[in-house]
$ cat protein-v7.txt   # compact mmCIF, C-alpha atoms
# COMPACT_ATOMS: atom_id res chain seq x y z
CA MET A 1312 115.31 191.05 90.52
CA HIS A 1313 112.88 189.05 88.46
CA GLY A 1314 115.71 188.00 86.19
CA LEU A 1315 117.87 186.63 88.97
CA LYS A 1316 117.76 182.88 89.79
CA THR A 1317 117.48 182.10 93.46
CA GLY A 1318 118.43 178.81 95.11
CA SER A 1319 119.65 177.30 98.35
CA PRO A 1320 123.29 177.81 99.12
CA PRO A 1321 125.45 174.68 99.04
CA ARG A 1322 125.49 172.71 102.34
CA ALA A 1323 128.58 172.77 104.44
CA GLY A 1324 130.70 169.71 103.86
CA ALA A 1325 128.96 168.78 100.59
CA LEU A 1326 131.07 166.71 98.26
CA ALA A 1327 132.26 168.12 95.02
CA PRO A 1328 130.98 166.59 91.79
CA GLY A 1329 132.23 163.00 91.57
CA GLY A 1330 132.97 162.83 95.30
CA HIS A 1331 130.42 160.05 95.95
CA ARG A 1332 132.07 157.79 93.38
CA ALA A 1333 135.49 158.39 94.87
CA ARG A 1334 134.22 157.57 98.36
CA SER A 1335 132.61 154.30 97.17
CA ARG A 1336 135.84 153.20 95.52
CA ALA A 1337 137.74 153.86 98.74
CA LEU A 1338 135.30 151.78 100.83
CA LEU A 1339 135.45 148.86 98.40
CA ALA A 1340 139.23 148.92 98.47
CA ALA A 1341 139.25 148.87 102.28
CA GLU A 1342 136.81 145.95 102.47
CA GLY A 1343 138.75 143.97 99.88
CA LEU A 1344 141.98 144.50 101.80
CA ALA A 1345 140.35 143.32 105.05
CA LEU A 1346 139.04 140.13 103.41
CA LEU A 1347 142.43 139.45 101.84
CA LEU A 1348 144.17 139.77 105.20
CA ALA A 1349 141.58 137.48 106.88
CA PHE A 1350 141.98 134.71 104.29
CA SER A 1351 145.77 135.01 104.39
CA ALA A 1352 145.75 134.54 108.19
CA ALA A 1353 143.41 131.55 107.90
CA ALA A 1354 145.59 129.92 105.27
CA ARG A 1355 148.65 130.24 107.52
CA ALA A 1356 146.67 128.69 110.47
CA GLY A 1357 146.20 125.38 108.64
CA PRO A 1358 143.65 123.46 106.58
CA GLY A 1359 140.02 123.72 107.61
CA ALA A 1360 140.57 126.92 109.58
CA ALA A 1361 139.30 129.24 106.85
CA ALA A 1362 135.52 129.47 107.04
CA LEU A 1363 133.02 132.03 106.00
CA PRO A 1364 131.04 133.87 108.70
CA GLY A 1365 128.06 131.78 109.86
CA ALA A 1366 129.45 128.50 108.57
CA ALA A 1367 129.67 127.09 112.10
CA ALA A 1368 126.06 127.89 112.97
CA GLY A 1369 125.03 124.25 112.62
CA GLY A 1370 128.05 122.79 114.40
CA ARG A 1371 131.05 120.92 113.06
CA GLY A 1372 129.05 117.91 111.82
CA PRO A 1373 127.42 114.75 113.16
CA GLU A 1374 130.13 114.38 115.81
CA ASP A 1375 129.03 117.73 117.29
CA VAL A 1376 125.82 116.12 118.66
CA GLU A 1377 126.26 114.61 122.11
CA ARG A 1378 125.19 110.97 122.51
CA LEU A 1379 124.42 109.47 125.94
CA SER A 1380 123.93 106.00 127.29
CA LEU A 1381 120.40 104.79 128.10
CA SER A 1382 120.64 105.25 131.86
CA SER A 1383 122.31 108.69 131.63
CA GLY A 1384 119.88 109.80 128.95
CA LEU A 1385 116.80 108.84 130.96
CA ARG A 1386 118.13 110.74 133.95
CA GLU A 1387 118.53 113.79 131.74
CA VAL A 1388 114.98 113.37 130.43
CA HIS A 1389 113.50 113.36 133.92
CA ALA A 1390 115.77 116.05 135.33
CA GLN A 1391 115.27 118.53 132.48
CA ARG A 1392 111.81 117.36 131.34
CA ARG A 1393 112.96 117.15 127.75
CA PRO A 1394 111.95 114.63 125.08
CA ALA A 1395 114.54 112.15 123.85
CA LEU A 1396 115.62 110.33 120.73
CA ILE A 1397 116.86 106.74 121.00
CA TRP A 1398 118.97 105.80 118.02
CA TYR A 1399 119.66 102.12 117.45
CA ALA A 1400 122.13 101.73 114.62
CA GLY A 1401 121.18 98.11 113.97
CA ALA A 1402 123.10 94.87 114.25
CA GLY A 1403 126.38 95.00 112.37
CA ALA A 1404 125.56 98.27 110.62
CA ALA A 1405 128.56 100.39 109.79
CA PRO A 1406 128.60 103.95 111.20
CA GLY A 1407 127.19 106.40 108.70
CA GLU A 1408 125.14 103.79 106.83
CA PRO A 1409 121.74 104.21 108.66
CA PHE A 1410 119.45 107.07 107.75
CA PHE A 1411 119.78 108.97 111.03
CA GLU A 1412 123.54 109.32 110.76
CA GLU A 1413 123.08 110.48 107.18
CA TYR A 1414 120.51 113.09 108.21
CA LEU A 1415 122.85 114.42 110.91
CA LYS A 1416 125.07 115.82 108.16
CA SER A 1417 122.42 118.51 107.68
CA ALA A 1418 122.88 121.57 109.90
CA SER A 1419 119.12 122.20 110.12
CA PHE A 1420 118.51 118.61 111.26
CA ARG A 1421 121.26 118.89 113.90
CA ARG A 1422 119.63 122.01 115.32
CA ILE A 1423 116.39 120.07 115.83
CA VAL A 1424 118.15 117.03 117.30
CA LYS A 1425 119.88 119.25 119.88
CA LEU A 1426 116.45 120.08 121.30
CA PHE A 1427 116.19 116.42 122.35
CA VAL A 1428 118.27 114.18 124.58
CA LEU A 1429 120.05 111.87 122.14
CA ILE A 1430 120.57 108.29 123.37
CA ARG A 1431 122.70 105.82 121.44
CA LEU A 1432 121.95 102.09 121.68
CA GLU A 1433 124.19 99.28 120.50
CA SER A 1434 123.15 95.71 119.85
CA SER A 1435 124.95 94.69 123.06
CA ASP A 1436 122.60 96.93 125.08
CA LEU A 1437 119.38 95.17 124.03
CA PRO A 1438 119.57 92.12 126.35
CA ARG A 1439 120.43 94.24 129.40
CA ASP A 1440 117.85 95.16 132.06
CA TYR A 1441 115.95 98.33 131.36
CA PRO A 1442 116.64 100.92 134.10
CA ALA A 1443 113.22 100.64 135.74
CA GLU A 1444 113.98 103.29 138.36
CA ASP A 1445 114.11 105.85 135.56
CA LEU A 1446 110.76 104.98 133.99
CA GLU A 1447 108.93 107.72 135.87
CA PRO A 1448 110.24 110.57 138.05
CA ALA A 1449 109.21 110.60 141.68
CA PRO A 1450 106.29 113.04 142.09
CA PRO A 1451 106.72 115.92 144.56
CA ARG A 1452 105.99 114.49 148.01
CA GLU A 1453 106.97 115.63 151.44
CA ALA A 1454 106.28 113.61 154.56
CA ALA A 1455 103.61 111.52 152.83
CA ALA A 1456 106.28 109.78 150.75
CA ALA A 1457 107.74 108.16 153.84
CA ARG A 1458 104.34 106.79 154.87
CA GLY A 1459 103.29 105.31 151.57
CA GLY A 1460 102.20 108.22 149.36
CA ALA A 1461 99.25 110.53 149.26
CA PRO A 1462 96.40 110.99 149.76
CA GLU A 1463 96.10 107.43 151.08
CA ALA A 1464 98.83 107.80 153.72
CA ALA A 1465 97.72 111.33 154.52
CA ALA A 1466 94.45 109.90 155.82
CA GLU A 1467 96.34 108.39 158.74
CA ALA A 1468 96.86 111.90 160.09
CA GLY A 1469 93.09 112.15 160.73
CA GLN A 1470 89.93 112.92 158.78
CA GLY A 1471 86.75 114.75 159.67
CA LYS A 1472 88.40 116.45 162.67
CA LYS A 1473 91.04 119.12 162.47
CA ALA A 1474 94.46 117.80 163.35
CA GLU A 1475 96.16 119.48 166.30
CA ALA A 1476 99.50 120.99 165.34
CA SER A 1477 102.53 120.05 167.38
CA PRO A 1478 104.26 122.98 169.07
CA GLY A 1479 107.27 124.20 167.15
CA SER A 1480 106.57 122.10 164.09
CA GLY A 1481 104.52 122.69 160.98
CA ARG A 1482 103.26 119.08 160.96
CA ALA A 1483 100.00 117.69 162.22
CA ALA A 1484 99.98 115.47 165.31
CA GLU A 1485 99.34 111.79 164.79
CA LYS A 1486 95.66 110.80 165.06
CA PRO A 1487 93.94 107.44 164.99
CA ALA A 1488 93.17 106.35 161.46
CA PRO A 1489 89.54 107.02 160.40
CA PRO A 1490 87.28 104.26 159.13
CA VAL A 1491 88.49 103.30 155.67
CA PRO A 1492 86.13 101.69 153.14
CA PRO A 1493 86.73 97.96 152.71
CA GLU A 1494 89.16 96.84 150.07
CA GLY A 1495 87.52 96.81 146.68
CA GLU A 1496 85.19 99.77 147.35
CA PRO A 1497 85.81 103.10 145.62
CA GLY A 1498 88.44 105.12 147.42
CA SER A 1499 89.91 102.33 149.50
CA GLY A 1500 93.11 102.30 147.44
CA ARG A 1501 94.98 99.80 149.66
CA ALA A 1502 94.64 96.95 152.07
CA SER A 1503 94.75 97.58 155.82
CA ASP A 1504 97.90 95.50 156.19
CA PRO A 1505 100.00 94.96 153.04
CA ALA A 1506 102.11 92.23 154.66
CA ALA A 1507 99.02 90.33 155.81
CA GLY A 1508 97.40 90.73 152.41
CA ALA A 1509 100.49 89.32 150.74
CA ALA A 1510 100.45 86.34 153.12
CA GLU A 1511 96.78 85.54 152.59
CA LYS A 1512 96.74 85.79 148.81
CA PRO A 1513 98.86 83.44 146.71
CA ALA A 1514 101.66 85.02 144.76
CA PRO A 1515 101.00 85.41 141.03
CA PRO A 1516 102.77 82.83 138.88
CA PRO A 1517 105.99 84.02 137.20
CA PRO A 1518 105.96 84.62 133.45
CA GLU A 1519 106.78 81.75 131.19
CA GLY A 1520 110.47 81.08 130.83
CA ALA A 1521 111.40 83.31 133.77
CA ALA A 1522 113.36 81.86 136.68
CA PRO A 1523 112.08 82.61 140.20
CA GLU A 1524 113.75 85.67 141.64
CA GLY A 1525 116.22 84.77 144.34
CA GLY A 1526 116.40 81.05 143.49
CA ALA A 1527 114.06 78.09 143.92
CA GLY A 1528 112.56 78.66 147.41
CA ALA A 1529 112.61 82.45 147.37
CA ALA A 1530 109.69 84.30 148.91
CA PRO A 1531 107.40 86.22 146.55
CA PRO A 1532 108.08 89.94 146.22
CA ALA A 1533 106.27 92.19 148.68
CA ALA A 1534 103.01 93.78 147.58
CA GLY A 1535 103.52 96.95 145.57
CA ARG A 1536 107.14 96.21 144.68
CA ALA A 1537 107.98 96.37 140.99
CA PRO A 1538 108.73 93.00 139.36
CA ARG A 1539 112.06 92.12 137.86
CA PRO A 1540 112.76 94.67 135.10
CA MET A 1541 112.47 93.54 131.52
CA SER A 1542 115.24 93.85 129.03
CA VAL A 1543 115.79 96.92 126.90
CA SER A 1544 114.59 95.03 123.82
CA GLN A 1545 111.34 93.94 125.54
CA THR A 1546 110.57 97.32 127.08
CA LEU A 1547 111.16 99.32 123.92
CA HIS A 1548 109.81 96.58 121.59
CA LEU A 1549 113.09 96.85 119.74
CA PRO A 1550 114.27 93.60 118.13
CA GLU A 1551 117.87 93.05 117.19
CA GLY A 1552 118.01 93.77 113.51
CA PRO A 1553 117.50 96.85 111.35
CA ALA A 1554 118.21 100.37 112.52
CA ALA A 1555 115.41 102.26 114.27
CA LEU A 1556 114.77 105.70 115.72
CA LEU A 1557 112.49 106.00 118.76
CA VAL A 1558 111.02 109.27 120.05
CA LEU A 1559 110.33 109.56 123.79
CA ASP A 1560 108.31 112.25 125.53
CA PHE A 1561 109.38 113.89 128.78
CA ARG A 1562 107.93 110.92 130.70
CA ALA A 1563 110.30 108.57 128.83
CA ARG A 1564 107.36 106.94 126.99
CA VAL A 1565 107.79 105.92 123.36
CA VAL A 1566 105.47 108.09 121.30
CA ARG A 1567 106.85 107.51 117.78
CA ARG A 1568 109.20 105.12 116.04
CA TYR A 1569 110.85 105.16 112.63
CA GLY A 1570 112.72 102.52 110.69
CA GLY A 1571 112.83 99.07 112.27
CA GLY A 1572 112.36 97.34 108.93
CA GLU A 1573 110.15 100.03 107.41
CA ALA A 1574 111.26 102.63 104.92
CA PRO A 1575 112.75 105.62 106.75
CA PRO A 1576 110.96 108.96 106.31
CA ARG A 1577 112.40 111.77 104.28
CA ARG A 1578 114.48 114.25 106.22
CA SER A 1579 112.04 117.14 105.64
CA ARG A 1580 109.12 115.09 106.98
CA LEU A 1581 111.13 113.89 109.96
CA GLU A 1582 112.11 117.46 110.80
CA ARG A 1583 108.46 118.60 110.76
CA GLU A 1584 107.30 115.75 112.97
CA LEU A 1585 110.13 116.19 115.46
CA ARG A 1586 109.34 119.90 115.77
CA ALA A 1587 105.68 119.09 116.46
CA ILE A 1588 106.59 116.44 119.06
CA ARG A 1589 109.00 118.81 120.76
CA ALA A 1590 106.38 121.57 120.98
CA GLU A 1591 103.69 119.21 122.32
CA SER A 1592 106.05 117.69 124.89
CA ALA A 1593 107.12 121.13 126.12
CA LEU A 1594 103.48 122.18 126.52
CA GLN A 1595 102.59 119.02 128.43
CA ALA A 1596 105.66 119.39 130.67
CA GLN A 1597 104.57 122.93 131.54
CA ARG A 1598 101.06 121.75 132.39
CA ALA A 1599 102.45 118.83 134.39
CA ALA A 1600 104.55 121.15 136.55
CA ARG A 1601 101.44 123.19 137.42
CA VAL A 1602 99.19 120.18 138.11
CA GLU A 1603 101.82 118.33 140.14
CA GLY A 1604 102.12 121.46 142.25
CA LEU A 1605 98.36 121.36 142.86
CA LEU A 1606 98.53 117.69 143.89
CA ALA A 1607 101.43 118.37 146.24
CA GLN A 1608 99.53 121.27 147.82
CA ALA A 1609 96.43 119.09 148.20
CA THR A 1610 98.55 116.46 149.95
CA ARG A 1611 99.93 119.00 152.42
CA ASP A 1612 96.44 120.39 153.11
CA PHE A 1613 95.07 116.88 153.71
CA GLU A 1614 97.89 116.14 156.15
CA ARG A 1615 97.03 119.27 158.14
CA GLY A 1616 93.39 118.16 158.32
CA GLU A 1617 92.18 120.80 155.84
CA VAL A 1618 90.17 118.32 153.80
CA ARG A 1619 87.96 120.90 152.13
CA GLN A 1620 90.93 122.91 150.87
CA ALA A 1621 92.58 119.73 149.58
CA VAL A 1622 89.44 118.78 147.63
CA ARG A 1623 89.04 122.30 146.26
CA SER A 1624 92.61 122.15 144.91
CA VAL A 1625 91.83 119.21 142.64
CA LEU A 1626 88.18 120.03 141.95
CA PRO A 1627 88.89 121.87 138.64
CA LEU A 1628 90.66 118.74 137.37
CA GLU A 1629 87.40 116.77 137.46
CA SER A 1630 86.56 118.21 134.06
CA GLU A 1631 87.21 115.77 131.23
CA LYS A 1632 88.31 118.69 129.08
CA GLU A 1633 91.01 119.66 131.57
CA ARG A 1634 92.26 116.11 132.06
CA ALA A 1635 92.46 115.56 128.30
CA LYS A 1636 95.19 118.23 128.16
CA LEU A 1637 97.45 116.23 130.48
CA ASP A 1638 99.84 113.46 129.57
CA PRO A 1639 98.54 109.90 130.25
CA VAL A 1640 100.78 109.32 133.29
CA LEU A 1641 99.66 112.49 135.07
CA ARG A 1642 96.06 111.96 133.99
CA GLU A 1643 96.04 108.60 135.76
CA ARG A 1644 97.50 110.14 138.92
CA VAL A 1645 94.87 112.88 138.94
CA GLU A 1646 92.05 110.37 138.47
CA LYS A 1647 93.32 108.23 141.36
CA HIS A 1648 93.58 111.34 143.55
CA ILE A 1649 89.98 112.36 142.81
CA GLN A 1650 88.68 108.81 143.18
CA ASP A 1651 90.28 108.59 146.61
CA TYR A 1652 88.53 111.77 147.78
CA ARG A 1653 85.24 110.59 146.29
CA GLY A 1654 85.63 107.23 148.01
CA ARG A 1655 86.07 108.94 151.37
CA ALA A 1656 83.05 111.13 150.67
CA GLU A 1657 81.02 107.99 149.91
CA THR A 1658 82.10 106.49 153.24
CA VAL A 1659 80.85 109.55 155.14
CA TYR A 1660 77.61 109.50 153.17
CA ARG A 1661 76.96 105.84 154.02
CA LYS A 1662 77.62 106.58 157.66
CA GLY A 1663 74.96 109.31 157.56
CA GLN A 1664 72.51 106.95 155.86
CA ALA A 1665 73.07 104.29 158.53
CA LEU A 1666 72.41 106.80 161.32
CA GLU A 1667 69.34 108.06 159.49
CA LYS A 1668 67.96 104.54 159.12
CA GLU A 1669 68.58 103.79 162.78
CA GLY A 1670 66.82 107.00 163.85
CA MET A 1671 63.82 106.33 161.62
CA GLN A 1672 62.94 103.03 163.29
CA GLY A 1673 59.48 103.27 164.86
CA LEU A 1674 58.34 106.18 162.67
CA VAL A 1675 55.57 105.94 160.10
CA GLY A 1676 54.37 108.38 157.47
CA TRP A 1677 51.04 110.08 158.17
CA ARG A 1678 49.21 112.69 156.04
CA GLY A 1679 52.38 114.03 154.42
CA GLY A 1680 54.25 114.03 157.73
CA TRP A 1681 55.72 111.63 160.25
CA ARG A 1682 54.48 110.35 163.57
CA GLY A 1683 55.66 107.92 166.17
CA ARG A 1684 58.66 107.72 168.47
CA GLY A 1685 62.04 107.32 166.80
CA ALA A 1686 65.57 108.11 167.94
CA PRO A 1687 66.02 111.89 167.71
CA GLU A 1688 69.65 111.69 168.88
CA LYS A 1689 70.50 109.38 165.96
CA LEU A 1690 68.76 111.69 163.53
CA GLN A 1691 70.76 114.60 164.92
CA GLU A 1692 73.98 112.60 164.43
CA ALA A 1693 72.92 111.95 160.86
CA ILE A 1694 72.49 115.70 160.30
CA ASP A 1695 75.95 116.34 161.77
CA THR A 1696 77.40 113.68 159.45
CA TYR A 1697 75.78 115.27 156.41
CA ASP A 1698 77.11 118.66 157.56
CA GLU A 1699 80.59 117.16 157.70
CA LEU A 1700 80.14 115.82 154.19
CA ILE A 1701 78.99 119.21 152.90
CA ARG A 1702 81.87 120.98 154.62
CA ASP A 1703 84.75 118.69 153.61
CA TYR A 1704 83.81 117.33 150.18
CA PRO A 1705 82.39 120.12 147.97
CA PHE A 1706 81.79 117.96 144.89
CA PRO A 1707 78.59 119.25 143.19
CA ASP A 1708 76.78 115.90 143.16
CA VAL A 1709 77.89 115.11 146.72
CA LEU A 1710 76.57 118.47 147.93
CA ARG A 1711 73.25 117.86 146.21
CA LYS A 1712 72.75 114.42 147.77
CA ALA A 1713 73.88 115.52 151.24
CA ASN A 1714 71.58 118.56 151.25
CA GLN A 1715 68.62 116.45 150.13
CA ARG A 1716 69.12 113.91 152.93
CA LYS A 1717 69.74 116.62 155.50
CA GLY A 1718 66.53 118.43 154.53
CA PHE A 1719 64.57 115.17 154.79
CA VAL A 1720 65.92 114.43 158.29
CA LEU A 1721 65.15 117.98 159.43
CA LYS A 1722 61.55 117.55 158.24
CA VAL A 1723 61.24 114.33 160.22
CA LEU A 1724 62.61 115.97 163.38
CA MET A 1725 60.23 118.91 163.03
CA ASP A 1726 57.27 116.52 162.73
CA THR A 1727 58.20 114.15 165.55
CA THR A 1728 60.13 116.22 168.11
CA PRO A 1729 58.12 118.80 170.06
CA GLY A 1730 59.91 122.11 170.40
CA PHE A 1731 62.53 121.25 167.78
CA THR A 1732 63.84 124.35 166.00
CA PRO A 1733 65.80 123.86 162.77
CA PRO A 1734 69.19 125.61 162.75
CA GLY A 1735 70.44 128.39 160.53
CA ARG A 1736 68.31 129.81 157.73
CA LEU A 1737 65.39 127.43 158.42
CA ARG A 1738 64.47 129.14 161.69

$ encode --input "protein-v7.txt" --output "structure tokens"
Amino acid sequence: MHGLKTGSPPRAGALAPGGHRARSRALLAAEGLALLLAFSAAARAGPGAAALPGAAAGGRGPEDVERLSLSSGLREVHAQRRPALIWYAGAGAAPGEPFFEEYLKSASFRRIVKLFVLIRLESSDLPRDYPAEDLEPAPPREAAAARGGAPEAAAEAGQGKKAEASPGSGRAAEKPAPPVPPEGEPGSGRASDPAAGAAEKPAPPPPEGAAPEGGAGAAPPAAGRAPRPMSVSQTLHLPEGPAALLVLDFRARVVRRYGGGEAPPRRSRLERELRAIRAESALQAQRAARVEGLLAQATRDFERGEVRQAVRSVLPLESEKERAKLDPVLRERVEKHIQDYRGRAETVYRKGQALEKEGMQGLVGWRGGWRGRGAPEKLQEAIDTYDELIRDYPFPDVLRKANQRKGFVLKVLMDTTPGFTPPGRLR
């Protein structure tokens, strides 16, 4: 037995010696026949039909990229929240001569361009009016849009007191408008009567070289109405001349321009910069959708009289770090929203100070306390006003000031009013 050689028996179905080589030759012959049949069919179909797999991944060429007019392109930008490219081929430039048309012959460059809305401008488009209605999309508004926007118009539904809901409707009943700070103070935001304000103040002079709108005796435009739109060349700062490529973000603002008399960038550099702009614009559009939702929710809460909830919705956006992440258009909207709430908080605080001053008349300080006969009812109204401020406007600095004044008034009442018991935790 020691002399016998042992080994595993041959597997079932194992190929005989040389079987692997025979199988490889058969596979190669089958693949070659399939390729020959494919090319023969393509040759019979006509010229240009034969193409290797993956050759159409970048499209058929520059004509495969869709080009829109300015008005249609801006509508696409606002509807889809996509950045855009405005290509001006220049005055009298032949198609295919400018750098952008040359770069479009590259499949990789076409893939990047398709991530944008491509707008084509001709020299005849420059003197036309820029579509001003497409400069900025309308922010999400509900009923406040019909009354002049929010939160300014939402204040007309009532402030300080909870609005009574109408039966069968989710809207707040109409309330008398609260005291609004005078025009020019923080948070006022508007005049009490726009028509009267337009009548009292002289209309601004028209720009040089511009004819009065509506003819020689036409009335000035109403307050808040946009002036006559400028031309495409003036708005985009695009003179008639050399070819230029403009990059717009999702707000239709020009963020980068190429050409226009300067040496065009290399295609590789342009591809890198367009990718970076596309990524940044997509990130800002995502943040804008979230923040605009917060502003819309704050508007609805303010209309229902839930002032505290409305302020709490925008309170995180007070941080400079958070606002720096937003695009400039939305950042300005957020700042105006917060300034309006702060202006209303300042109005309530001044009201409490006036009541406190009126209640302190006749009182004098004495040995660390107060003595004399003041107006306890006015001091109590001042405390109620500070409580309203603390309840409705939870800004940290506002809470600190309101609590300090409230504590001072409580100390005065304890010193000057016999039998006065402070409420809540001070008992």

$ atom_distance --input "protein-v7.txt" --atom1 "CA of Thr1728 in chain A" --atom2 "CA of Pro1687 in chain A"
7.3 Å

$ atom_distance --input "protein-v7.txt" --atom1 "CA of Val1645 in chain A" --atom2 "CA of Leu1710 in chain A"
21.1 Å

$ residues_around --input "protein-v7.txt" --residues "range 1596-1601 of chain A" --least-positions-apart "3" --cutoff "7 Å" --atoms "all atoms listed in the file" --output "list of chain:residue names"
A:Arg1392, A:Phe1561, A:Ser1592, A:Ala1593, A:Gly1604, A:Leu1605, A:Leu1637, A:Leu1641

$ atom_distance --input "protein-v7.txt" --atom1 "CA of Ala1400 in chain A" --atom2 "CA of Leu1432 in chain A"
7.1 Å

$ closest_residue --input "protein-v7.txt" --among "A:Ala1587, A:Val1602, A:Ala1609, A:Leu1557" --to "Val1640 in chain A" --atoms "only C-alpha atoms"
A:Val1602

$ closest_residue --input "protein-v7.txt" --among "A:Ala1665, A:Leu1626, A:Ile1430, A:Val1388" --to "Asp1560 in chain A" --atoms "only C-alpha atoms"
A:Val1388

$ residues_around --input "protein-v7.txt" --residues "Arg1583 in chain A" --least-positions-apart "6" --cutoff "12 Å" --atoms "only C-alpha atoms" --output "list in words"
Ser1419, Phe1420, Ile1423, Val1424, Pro1576, Arg1577, Arg1589 and Ala1590 of chain A

$ closest_residue --input "protein-v7.txt" --among "A:Ala1686, A:Leu1385, A:Leu1581, A:Leu1606" --to "Ala1621 in chain A" --atoms "only C-alpha atoms"
A:Leu1606

$ residues_around --input "protein-v7.txt" --residues "Arg1653 in chain A" --least-positions-apart "3" --cutoff "9 Å" --atoms "all atoms listed in the file" --output "ChimeraX atom specification"
/A:1497-1498,1648-1650,1656-1658,1704,1706,1709

$ closest_residue --input "protein-v7.txt" --among "A:Ser1383, A:Gln1691, A:Gln1664, A:Gln1672" --to "Lys1712 in chain A" --atoms "only C-alpha atoms"
A:Gln1664
